[in-house]
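Shown below: data-v6.cif, with mmCIF, C-alpha atoms.
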```
data_model
#
loop_
_atom_site.label_atom_id
_atom_site.label_comp_id
_atom_site.auth_asym_id
_atom_site.auth_seq_id
_atom_site.Cartn_x
_atom_site.Cartn_y
_atom_site.Cartn_z
CA MET A 832 126.42 132.76 154.77
CA THR A 833 124.92 131.79 158.07
CA TRP A 834 125.93 128.81 160.13
CA THR A 835 123.87 127.16 162.80
CA THR A 836 125.61 126.90 166.15
CA GLY A 837 125.68 123.11 165.94
CA TRP A 838 127.65 123.09 162.71
CA ARG A 839 129.86 126.13 163.09
CA TRP A 840 132.67 123.97 164.52
CA LEU A 841 132.96 122.47 161.06
CA ALA A 842 134.25 125.76 159.63
CA PRO A 843 137.90 125.24 160.58
CA VAL A 844 137.70 121.64 159.39
CA ILE A 845 136.62 122.95 156.02
CA GLY A 846 139.48 125.42 156.35
CA VAL A 847 142.06 122.68 156.58
CA ALA A 848 140.42 120.81 153.73
CA GLY A 849 140.51 124.02 151.72
CA VAL A 850 144.22 124.47 152.34
CA ALA A 851 144.87 120.89 151.27
CA LEU A 852 142.62 121.20 148.22
CA ALA A 853 144.16 124.50 147.17
CA GLY A 854 147.64 123.02 147.53
CA ALA A 855 146.71 119.99 145.48
CA ILE A 856 145.13 122.09 142.75
CA SER A 857 148.08 124.48 142.68
CA GLN A 858 150.52 121.57 142.45
CA ALA A 859 148.54 119.89 139.70
CA TRP A 860 148.30 123.20 137.90
CA ALA A 861 152.04 123.78 138.17
CA GLN A 862 152.76 120.30 136.83
CA ALA A 863 150.29 120.49 133.96
CA PRO A 864 151.95 120.76 130.56
CA VAL A 865 151.76 124.26 129.15
CA ALA A 866 150.90 124.60 125.50
CA VAL A 867 153.11 127.17 123.78
CA VAL A 868 151.68 128.53 120.56
CA ASP A 869 153.64 130.73 118.20
CA VAL A 870 151.43 133.14 116.32
CA PRO A 871 153.06 134.95 113.41
CA GLY A 872 153.15 138.69 113.96
CA GLU A 873 152.47 138.42 117.70
CA THR A 874 154.83 139.79 120.33
CA PRO A 875 154.11 137.42 123.20
CA ASP A 876 156.25 139.09 125.84
CA ARG A 877 154.59 142.50 125.69
CA GLU A 878 152.11 143.79 128.23
CA GLN A 879 148.81 143.64 126.39
CA LYS A 880 145.09 142.98 126.59
CA SER A 881 142.55 141.97 123.99
CA TYR A 882 141.01 145.05 122.36
CA ARG A 883 137.70 143.20 121.92
CA ASP A 884 137.63 142.31 125.60
CA MET A 885 138.27 145.92 126.55
CA LEU A 886 135.49 147.01 124.20
CA ALA A 887 133.22 144.58 126.05
CA GLY A 888 134.15 146.41 129.25
CA MET A 889 133.34 149.74 127.62
CA GLU A 890 129.99 148.38 126.44
CA LEU A 891 129.15 147.26 129.96
CA PHE A 892 130.06 150.73 131.23
CA GLU A 893 127.49 152.26 128.87
CA GLN A 894 124.85 149.72 129.91
CA GLN A 895 125.36 150.36 133.63
CA HIS A 896 126.32 154.02 133.50
CA ALA A 897 123.51 154.73 135.99
CA LEU A 898 125.81 153.49 138.76
CA ALA A 899 128.07 156.48 138.06
CA PRO A 900 126.07 158.94 135.94
CA ALA A 901 128.51 161.82 136.48
CA ALA A 902 131.60 159.84 135.48
CA SER A 903 133.33 158.81 132.30
CA LEU A 904 135.39 155.70 131.71
CA ARG A 905 139.16 155.72 131.57
CA PHE A 906 141.57 152.85 131.94
CA LYS A 907 144.60 152.98 134.18
CA VAL A 908 147.82 151.04 134.59
CA LEU A 909 150.03 150.78 137.66
CA PRO A 910 153.36 149.06 138.27
CA ARG A 911 152.95 145.39 139.06
CA ARG A 912 156.46 144.64 140.24
CA ASP A 913 159.56 146.34 141.54
CA GLY A 914 161.72 148.14 138.99
CA VAL A 915 159.00 148.82 136.42
CA SER A 916 159.49 152.34 135.09
CA MET A 917 156.33 154.29 134.47
CA ASP A 918 158.27 156.92 132.51
CA GLY A 919 158.11 156.72 128.74
CA LEU A 920 155.09 154.43 128.66
CA VAL A 921 153.52 154.14 125.22
CA VAL A 922 150.20 152.44 124.52
CA GLN A 923 148.89 151.45 121.11
CA ILE A 924 146.13 149.39 119.56
CA VAL A 925 148.03 146.89 117.46
CA GLY A 926 146.94 144.20 114.99
CA ASP A 927 148.02 142.74 111.68
CA HIS A 928 146.39 145.70 109.91
CA THR A 929 146.02 148.07 112.85
CA ARG A 930 148.29 150.56 114.55
CA ILE A 931 146.53 153.29 116.53
CA ALA A 932 148.38 155.46 119.04
CA VAL A 933 146.45 156.02 122.27
CA PRO A 934 147.21 159.20 124.26
CA LEU A 935 148.34 158.40 127.77
CA ALA A 936 147.82 160.97 130.54
CA ALA A 937 150.47 161.78 133.14
CA ASP A 938 148.55 159.71 135.71
CA GLN A 939 148.81 156.66 133.43
CA THR A 940 145.14 156.77 132.46
CA PHE A 941 143.78 156.59 128.95
CA VAL A 942 140.56 156.56 126.97
CA LEU A 943 140.28 153.74 124.48
CA PRO A 944 138.87 154.79 121.09
CA VAL A 945 136.23 152.61 119.45
CA ASP A 946 137.43 151.27 116.12
CA ALA A 947 135.41 148.55 114.39
CA ALA A 948 138.24 147.68 112.01
CA ALA A 949 140.62 147.11 114.93
CA ALA A 950 138.06 144.82 116.57
CA ARG A 951 137.70 142.83 113.34
CA ASP A 952 141.51 142.68 113.17
CA ASN A 953 141.54 140.97 116.58
CA ALA A 954 143.87 143.72 117.76
CA VAL A 955 145.45 144.07 121.19
CA VAL A 956 146.02 147.07 123.44
CA ARG A 957 149.76 146.97 124.01
CA PHE A 958 152.24 148.78 126.21
CA ASN A 959 155.96 149.02 125.61
CA ARG A 960 156.67 146.95 128.70
CA GLN A 961 157.28 143.28 129.35
CA SER A 962 154.31 141.07 130.08
CA GLY A 963 153.57 141.01 133.80
CA SER A 964 154.85 144.55 134.36
CA LEU A 965 151.56 146.36 134.77
CA ALA A 966 148.30 146.09 136.66
CA TRP A 967 145.29 147.24 134.60
CA ARG A 968 142.16 148.75 136.06
CA ALA A 969 139.12 150.74 135.01
CA ASP A 970 139.20 154.29 136.36
CA ILE A 971 135.73 155.76 136.91
CA ARG A 972 135.54 158.92 138.99
CA SER A 973 132.43 161.00 139.50
CA ALA A 974 132.91 164.74 139.59
CA GLY A 975 132.77 166.33 143.04
CA VAL A 976 134.16 163.43 145.04
CA PRO A 977 136.83 164.62 147.52
CA ALA A 978 140.43 163.69 146.71
CA ASN A 979 140.71 161.42 149.76
CA ALA A 980 137.59 159.43 148.90
CA ARG A 981 136.02 157.18 146.32
CA ARG A 982 132.32 156.76 145.54
CA LEU A 983 130.79 153.29 145.99
CA GLY A 984 128.92 153.28 142.66
CA ASP A 985 132.11 154.27 140.83
CA LEU A 986 134.03 151.44 142.47
CA LEU A 987 131.35 148.84 141.72
CA LEU A 988 131.29 149.90 138.08
CA GLU A 989 135.10 149.74 137.96
CA CYS A 990 134.89 146.17 139.22
CA LYS A 991 132.29 145.22 136.61
CA VAL A 992 134.25 146.80 133.76
CA ALA A 993 137.47 145.14 134.93
CA VAL A 994 135.84 141.72 134.91
CA ALA A 995 134.00 142.24 131.62
CA GLY A 996 137.16 143.63 130.02
CA ASP A 997 139.37 140.84 131.39
CA LEU A 998 141.72 143.43 132.87
CA LEU A 999 142.68 141.54 135.99
CA ALA A 1000 145.58 139.20 136.60
CA TYR A 1001 144.69 136.39 138.97
CA VAL A 1002 145.50 132.77 139.67
CA HIS A 1003 143.87 130.84 136.83
CA HIS A 1004 142.58 127.89 138.77
CA PRO A 1005 139.22 126.46 137.71
CA ILE A 1006 137.11 128.18 140.34
CA ASN A 1007 138.46 131.64 139.54
CA MET A 1008 138.01 131.07 135.83
CA LEU A 1009 134.43 130.02 136.44
CA VAL A 1010 133.72 132.96 138.75
CA VAL A 1011 134.77 135.61 136.23
CA LYS A 1012 132.45 134.04 133.64
CA LEU A 1013 129.41 134.35 135.90
CA PRO A 1014 126.94 137.09 134.95
CA ASP A 1015 127.72 139.67 137.64
CA PRO A 1016 130.33 138.37 140.12
CA CYS A 1017 131.20 141.83 141.51
CA ARG A 1018 127.66 142.32 142.76
CA THR A 1019 126.75 138.74 143.63
CA LEU A 1020 129.91 137.19 145.13
CA PRO A 1021 132.37 138.24 147.85
CA LEU A 1022 135.21 138.72 145.34
CA ASN A 1023 138.68 139.72 146.43
CA LEU A 1024 139.23 142.26 143.70
CA PHE A 1025 141.74 144.90 144.69
CA SER A 1026 141.58 148.59 144.00
CA PHE A 1027 144.39 151.02 144.75
CA ALA A 1028 144.40 154.22 146.75
CA ASP A 1029 146.78 157.00 145.79
CA ARG A 1030 149.02 156.48 148.80
CA PRO A 1031 149.66 153.80 151.46
CA LEU A 1032 146.48 153.21 153.43
CA PHE A 1033 146.02 152.84 157.13
CA GLY A 1034 142.24 152.70 157.15
CA ALA A 1035 139.05 153.47 155.26
CA THR A 1036 135.55 154.39 156.38
CA LEU A 1037 132.24 154.16 154.53
CA VAL A 1038 130.19 157.34 154.93
CA ALA A 1039 126.61 157.94 153.81
CA GLY A 1040 125.01 160.89 155.58
CA ASP A 1041 125.17 160.15 159.30
CA ARG A 1042 125.94 156.51 158.74
CA ARG A 1043 129.58 155.44 159.10
CA SER A 1044 131.31 152.09 159.10
CA MET A 1045 135.02 151.32 159.22
CA LEU A 1046 136.40 148.89 156.70
CA SER A 1047 137.87 146.00 158.63
CA ALA A 1048 141.55 145.09 158.31
CA ALA A 1049 140.48 142.15 156.14
CA MET A 1050 139.62 144.64 153.40
CA LEU A 1051 143.03 146.34 153.43
CA HIS A 1052 146.41 145.26 152.05
CA GLY A 1053 145.25 141.82 150.94
CA PRO A 1054 145.40 138.57 152.87
CA ALA A 1055 148.20 137.66 155.28
CA PHE A 1056 149.92 135.45 152.73
CA VAL A 1057 149.56 135.08 148.97
CA PRO A 1058 150.33 131.56 147.73
CA LEU A 1059 150.95 132.40 144.05
CA ALA A 1060 151.82 136.07 144.34
CA GLY A 1061 153.43 136.30 140.90
CA GLN A 1062 150.11 135.57 139.24
CA GLU A 1063 148.32 138.34 141.09
CA ASP A 1064 148.61 141.96 140.03
CA TRP A 1065 148.09 143.79 143.32
CA VAL A 1066 150.79 142.38 145.60
CA PHE A 1067 153.51 144.89 144.72
CA LEU A 1068 151.17 147.76 145.65
CA ARG A 1069 149.66 146.00 148.63
CA ASP A 1070 150.18 148.97 150.97
CA ARG A 1071 147.70 150.90 148.77
CA ALA A 1072 145.37 147.97 148.05
CA TYR A 1073 141.85 147.60 149.35
CA THR A 1074 138.85 145.51 148.46
CA VAL A 1075 135.15 146.16 148.79
CA LYS A 1076 132.51 143.47 149.28
CA TYR A 1077 129.81 145.05 147.15
CA LYS A 1078 127.22 142.35 147.68
CA ALA A 1079 127.31 142.71 151.44
CA LEU A 1080 127.25 146.52 151.31
CA TYR A 1081 124.38 146.75 148.85
CA ASP A 1082 122.49 144.10 150.82
CA GLN A 1083 122.90 146.46 153.80
CA HIS A 1084 121.44 149.27 151.66
CA TRP A 1085 124.54 151.42 151.32
CA PRO A 1086 123.68 153.74 148.39
CA ASP A 1087 125.77 154.30 145.25
CA ASP A 1088 126.66 157.75 146.57
CA THR A 1089 128.34 156.31 149.67
CA LEU A 1090 131.87 157.62 150.04
CA LEU A 1091 134.80 155.46 151.02
CA GLN A 1092 137.04 157.91 152.89
CA PHE A 1093 140.70 157.03 153.15
CA ASP A 1094 142.99 157.48 156.12
CA TYR A 1095 146.51 157.42 154.71
CA MET A 1096 149.53 156.30 156.66
CA ASP A 1097 151.26 159.62 156.11
CA ASP A 1098 148.22 161.75 157.07
CA GLU A 1099 148.38 163.51 160.37
CA SER A 1100 146.07 161.97 163.00
CA MET B 86 129.57 111.70 174.50
CA LYS B 87 132.51 113.23 176.39
CA VAL B 88 134.97 111.60 174.01
CA ARG B 89 133.10 113.01 171.02
CA ALA B 90 133.17 116.52 172.47
CA THR B 91 136.86 116.23 173.24
CA VAL B 92 137.66 115.05 169.73
CA ARG B 93 135.65 117.91 168.31
CA ALA B 94 137.52 120.41 170.49
CA LEU B 95 140.87 118.96 169.49
CA VAL B 96 140.00 119.03 165.79
CA CYS B 97 138.88 122.63 166.09
CA ALA B 98 142.05 123.59 167.97
CA CYS B 99 144.28 121.98 165.33
CA CYS B 100 142.35 123.55 162.50
CA CYS B 101 142.41 126.94 164.16
CA ALA B 102 146.18 126.72 164.42
CA VAL B 103 146.33 126.14 160.67
CA THR B 104 143.64 128.45 159.45
CA GLY B 105 144.03 131.29 161.91
CA CYS B 106 140.66 131.44 163.57
CA ALA B 107 142.15 132.41 166.90
CA SER B 108 142.05 135.97 168.21
CA THR B 109 145.31 137.88 168.48
CA GLY B 110 146.72 139.43 171.63
CA ASN B 111 146.00 138.80 175.28
CA GLY B 112 142.25 139.31 175.04
CA ALA B 113 142.25 142.92 176.29
CA VAL B 114 140.81 144.15 173.00
CA THR B 115 137.67 142.07 173.54
CA THR B 116 136.36 144.53 176.12
CA LEU B 117 138.24 147.61 174.95
CA THR B 118 136.16 150.77 174.71
CA ALA B 119 137.03 153.93 172.79
CA GLU B 120 137.59 155.77 176.07
CA ARG B 121 139.89 153.09 177.43
CA ALA B 122 141.79 152.94 174.14
CA ALA B 123 142.37 156.70 174.26
CA GLN B 124 143.81 156.34 177.77
CA THR B 125 146.04 153.40 176.89
CA ILE B 126 147.27 154.42 173.44
CA VAL B 127 148.89 157.84 173.37
CA ILE B 128 149.63 159.09 169.88
CA GLY B 129 153.19 160.34 169.55
CA ARG B 130 154.23 158.75 172.83
CA SER B 131 153.22 155.10 173.26
CA THR B 132 155.90 152.67 172.09
CA LYS B 133 155.78 149.13 170.82
CA ALA B 134 156.75 147.94 174.28
CA ASP B 135 153.83 149.86 175.81
CA ILE B 136 151.37 148.41 173.33
CA GLY B 137 152.74 144.89 173.68
CA ALA B 138 152.41 145.13 177.44
CA ALA B 139 148.82 146.33 177.20
CA PHE B 140 147.45 144.07 174.46
CA GLY B 141 149.90 141.19 174.00
CA ALA B 142 151.39 139.84 170.80
CA ALA B 143 149.95 141.33 167.61
CA SER B 144 149.91 140.30 163.99
CA ILE B 145 152.62 142.60 162.63
CA THR B 146 153.03 143.82 159.05
CA PRO B 147 155.89 146.14 158.02
CA TYR B 148 155.40 148.69 155.23
CA ALA B 149 157.61 151.00 153.22
CA GLY B 150 158.85 154.11 154.96
CA GLY B 151 159.48 152.25 158.20
CA TYR B 152 155.78 152.04 159.06
CA GLU B 153 154.49 149.00 160.88
CA VAL B 154 150.89 148.00 161.54
CA TRP B 155 150.04 145.96 164.60
CA LEU B 156 146.69 144.25 164.32
CA TYR B 157 144.60 142.72 167.08
CA GLN B 158 141.51 140.82 165.93
CA VAL B 159 138.74 139.29 168.01
CA GLY B 160 137.42 136.28 166.12
CA TYR B 161 139.19 135.13 162.99
CA SER B 162 142.67 136.35 162.10
CA LYS B 163 143.55 137.60 158.62
CA THR B 164 145.16 134.25 157.87
CA ILE B 165 141.79 132.78 157.12
CA ASP B 166 141.23 135.37 154.39
CA ALA B 167 144.09 133.79 152.45
CA VAL B 168 142.64 130.29 152.34
CA PRO B 169 141.11 129.73 148.91
CA TYR B 170 137.44 128.67 148.84
CA VAL B 171 137.19 128.89 152.62
CA ASN B 172 137.45 132.65 152.28
CA LEU B 173 134.21 132.55 150.31
CA LEU B 174 132.50 131.32 153.50
CA LEU B 175 134.56 132.75 156.34
CA SER B 176 136.33 136.07 156.65
CA SER B 177 137.95 138.11 159.37
CA ALA B 178 135.83 140.92 157.93
CA ASP B 179 132.98 139.42 159.93
CA ASN B 180 134.79 140.15 163.20
CA ARG B 181 133.00 142.56 165.46
CA LYS B 182 136.08 144.05 167.01
CA GLU B 183 139.64 144.81 166.05
CA LEU B 184 142.37 147.26 166.89
CA SER B 185 144.92 148.49 164.32
CA ILE B 186 147.90 150.53 165.45
CA LEU B 187 150.30 152.31 163.10
CA PHE B 188 153.85 152.83 164.32
CA ASP B 189 156.28 155.24 162.73
CA ARG B 190 159.89 154.38 161.95
CA ASN B 191 160.87 155.24 165.54
CA GLY B 192 158.49 152.66 166.93
CA VAL B 193 156.06 155.24 168.31
CA VAL B 194 152.29 155.18 167.74
CA ARG B 195 151.34 157.45 164.86
CA LYS B 196 147.62 156.63 164.82
CA TYR B 197 145.21 153.85 165.69
CA ARG B 198 141.74 152.62 164.79
CA LEU B 199 139.36 150.70 167.02
CA LEU B 200 136.64 148.93 165.07
CA ASP B 201 133.60 148.04 167.14
CA ARG B 202 130.67 146.92 165.05
CA LEU B 203 128.32 146.99 168.04
CA GLN B 204 128.88 150.74 168.35
CA GLU B 205 128.24 151.50 164.68
CA TRP B 206 124.89 152.92 163.72
CA GLN B 207 122.84 150.61 161.53
CA PRO B 208 119.62 151.52 159.73
#
```

Rewrite the structure of this file - the entire thing - as structure tokens.
Amino acid sequence: MTWTTGWRWLAPVIGVAGVALAGAISQAWAQAPVAVVDVPGETPDREQKSYRDMLAGMELFEQQHALAPAASLRFKVLPRRDGVSMDGLVVQIVGDHTRIAVPLAADQTFVLPVDAAAARDNAVVRFNRQSGSLAWRADIRSAGVPANARRLGDLLLECKVAVAGDLLAYVHHPINMLVVKLPDPCRTLPLNLFSFADRPLFGATLVAGDRRSMLSAAMLHGPAFVPLAGQEDWVFLRDRAYTVKYKALYDQHWPDDTLLQFDYMDDES
Amino acid sequence: MKVRATVRALVCACCCAVTGCASTGNGAVTTLTAERAAQTIVIGRSTKADIGAAFGAASITPYAGGYEVWLYQVGYSKTIDAVPYVNLLLSSADNRKELSILFDRNGVVRKYRLLDRLQEWQP
């Protein structure tokens, strides 16, 4: 977005209007009556995602595998709030006529099997935790990437799969709900979609050959305040959270093989 | 014409206070070079008081383990990144310069990063 000098002063005005608008929408949203529907056989307070939606994410992965040709697709869950135990996690595909155990690795990643009958059964992928306990992400890692780095093409594909598979928890105001329905928001919009490093982050640097660029502080740890934090899934792990503006980076011709190298807080200088 | 300009300046000032488009610190980061930063910020020795004296008040975020990050931004502050819809148009990520300093639990500098977009190689 470019602004002419004559109109740039309007930016903060729009800022104030945005704050007011966001507040009004949030208030209206909070006051709106919530429809509660009881569905026989459902367990509404369990942490779960639609199996069909996750299959859609897997399908997109196959279609755009060229972004990460040396990687396979796994899904991953992380704690979303304080006190959530990651010990003893069990994940299953569950429906009226479906019950399929899914092996969960020690790093809380799993591969989702394809099962047409489960899709027809409108099954869900369910964890033995309360709803709102876990953050779900795609986990796509090309072989040969150093442990302290992630590959740009892998991260972009993770973003696309997460959106297609409806893995993310976010504030469901109208704009967000519209954005995730757009054809390719990860690549075409400056989304704030958070990924997680393995440990608390101090900084991150893009590296492609001789070319290097630090990620600005805006890309780390989320924004300064989070109005409806309970509806987001990254806030609890904010010290490990980072976001990547794929559109801007690809417009600047950073290649898929670009590495995002992490500088962890507990690393030596 | 003067009145119009004054009103515009006042509106901008008020809005900046709300949305966080003001730089942080005393302005020293604006002209800070890597060499000067290395002289001023001594890893393992500089304290919060030293850094505050050199660069002014920072935007401070505490983290687990007693870590604290002090952030100085030239341009927009991170506050603007939290404003829905506006953050689709404006972002502190567009800033050309910023200084992040990590303090350990004893309040001593553990590491720092000086971002200077003008010094980065571009194709």

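Ranking A:Ala1035, A:Ala993, A:Ile971, A:Leu1068 by their shortest atom-to-atom distance to Leu898 of chain A, with all atoms listed in the file included, puts A:Ile971 first.
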
Fewer than 3 positions away in the same chain doesn't count, so skip those; otherwise give me all residues within 8 Å of Leu988 of chain A, counting only C-alpha atoms, as number ranges by chain. A: 892, 895-896, 898-899, 971, 984-985, 991-992

Just to be explicit: take each residue in the selection above, keep C-alpha atoms, and write the result as a tab-separated table (two decimals), in the coordinates of the input.
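Saved file result39.tsv follows:
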```tsv
chain	number	residue	atom	x	y	z
A	892	PHE	CA	130.06	150.73	131.23
A	895	GLN	CA	125.36	150.36	133.63
A	896	HIS	CA	126.32	154.02	133.50
A	898	LEU	CA	125.81	153.49	138.76
A	899	ALA	CA	128.07	156.48	138.06
A	971	ILE	CA	135.73	155.76	136.91
A	984	GLY	CA	128.92	153.28	142.66
A	985	ASP	CA	132.11	154.27	140.83
A	991	LYS	CA	132.29	145.22	136.61
A	992	VAL	CA	134.25	146.80	133.76
```

Answer key for the PyMOL selection byres ((chain B and resi 162) around 12), residues as a PyMOL selection string: (chain A and resi 1047-1049+1054-1056) or (chain B and resi 101-110+143-145+156-161+163-168+172+175-184)

Residues within 7 Å of Arg1071 of chain A, please, as a VMD selection string. Count all atoms listed in the file; anything in the same chain fewer than 2 positions from it doesn't count. chain A and resid 1027 to 1032 1052 1068 to 1069 1073

Could you write those residues out with C-alpha atoms, as a CSV table (one decimal), keeping the file's coordinate frame?
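Writing the result to out_15.csv gives the following:
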```csv
chain,number,residue,atom,x,y,z
A,1027,PHE,CA,144.4,151.0,144.8
A,1028,ALA,CA,144.4,154.2,146.8
A,1029,ASP,CA,146.8,157.0,145.8
A,1030,ARG,CA,149.0,156.5,148.8
A,1031,PRO,CA,149.7,153.8,151.5
A,1032,LEU,CA,146.5,153.2,153.4
A,1052,HIS,CA,146.4,145.3,152.0
A,1068,LEU,CA,151.2,147.8,145.6
A,1069,ARG,CA,149.7,146.0,148.6
A,1073,TYR,CA,141.8,147.6,149.4
```

List the residues sitting within 12 Å of (152.0, 157.5, 165.9) in the file's frame, using all atoms listed in the file, as a PyMOL selection string. (chain A and resi 1033+1096-1100) or (chain B and resi 126-133+136+151-155+185-198)

Taken to one decimal, the atom CA of Gly963 of chain A-atom CA of Pro910 of chain A distance is 9.2 Å

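The shortest atom-to-atom distance to chain A, with all atoms listed in the file taken into account, belongs to B:Glu205 out of B:Gly137, B:Thr116, B:Asn111, B:Glu205.
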
I'd like the contact shell of Ala980 of chain A - 7 Å cut-off, all atoms listed in the file, skipping same-chain residues fewer than 5 positions apart - returned as number ranges by chain. A: 1090-1093

Might you spell out which residues the PyMOL selection byres ((chain A and resi 966) around 7) would select in the displayed file, as number ranges by chain? A: 908-911, 965, 967-968, 1064

Nearest-residue call for Pro1086 of chain A, choices A:Ala1039, A:Ile1006, A:Leu886, A:Leu891, using all atoms listed in the file: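 Selected residue with least distance to Pro1086 of chain A: A:Ala1039.
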
If the PyMOL selection byres ((chain A and resi 932) around 10) is run on the structure shown, which residues does it catch, given as number ranges by chain? A: 921-925, 929-931, 933-935, 943-944, 956-957

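Here the question is which of B:Ala142, B:Ala122, B:Ala113, B:Leu173 gets nearest to chain A using all atoms listed in the file, and that residue is B:Leu173.
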
Choose the residue, out of A:Gly888, A:Pro977, A:Pro1014, A:Gly1053, that has the smallest atom-to-atom separation from chain B; count only C-alpha atoms.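 Checking each of A:Gly888, A:Pro977, A:Pro1014, A:Gly1053 against chain B, counting only C-alpha atoms, the winner is A:Gly1053.
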
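Counting all atoms listed in the file, Glu1063 of chain A has the following residues at most 6 Å away, ignoring those fewer than 3 positions along the same chain: Ala1000, Tyr1001 and Ala1060 of chain A.
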
To one decimal in Å, tell me the separation between atom CA of Thr1036 of chain A and atom CA of Gly975 of chain A.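 Atom CA of Gly975 of chain A lies 18.1 Å from atom CA of Thr1036 of chain A.
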
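One distance worth recording is that between atom CA of Val1038 of chain A and atom CA of Asp1087 of chain A, which is 11.1 Å.
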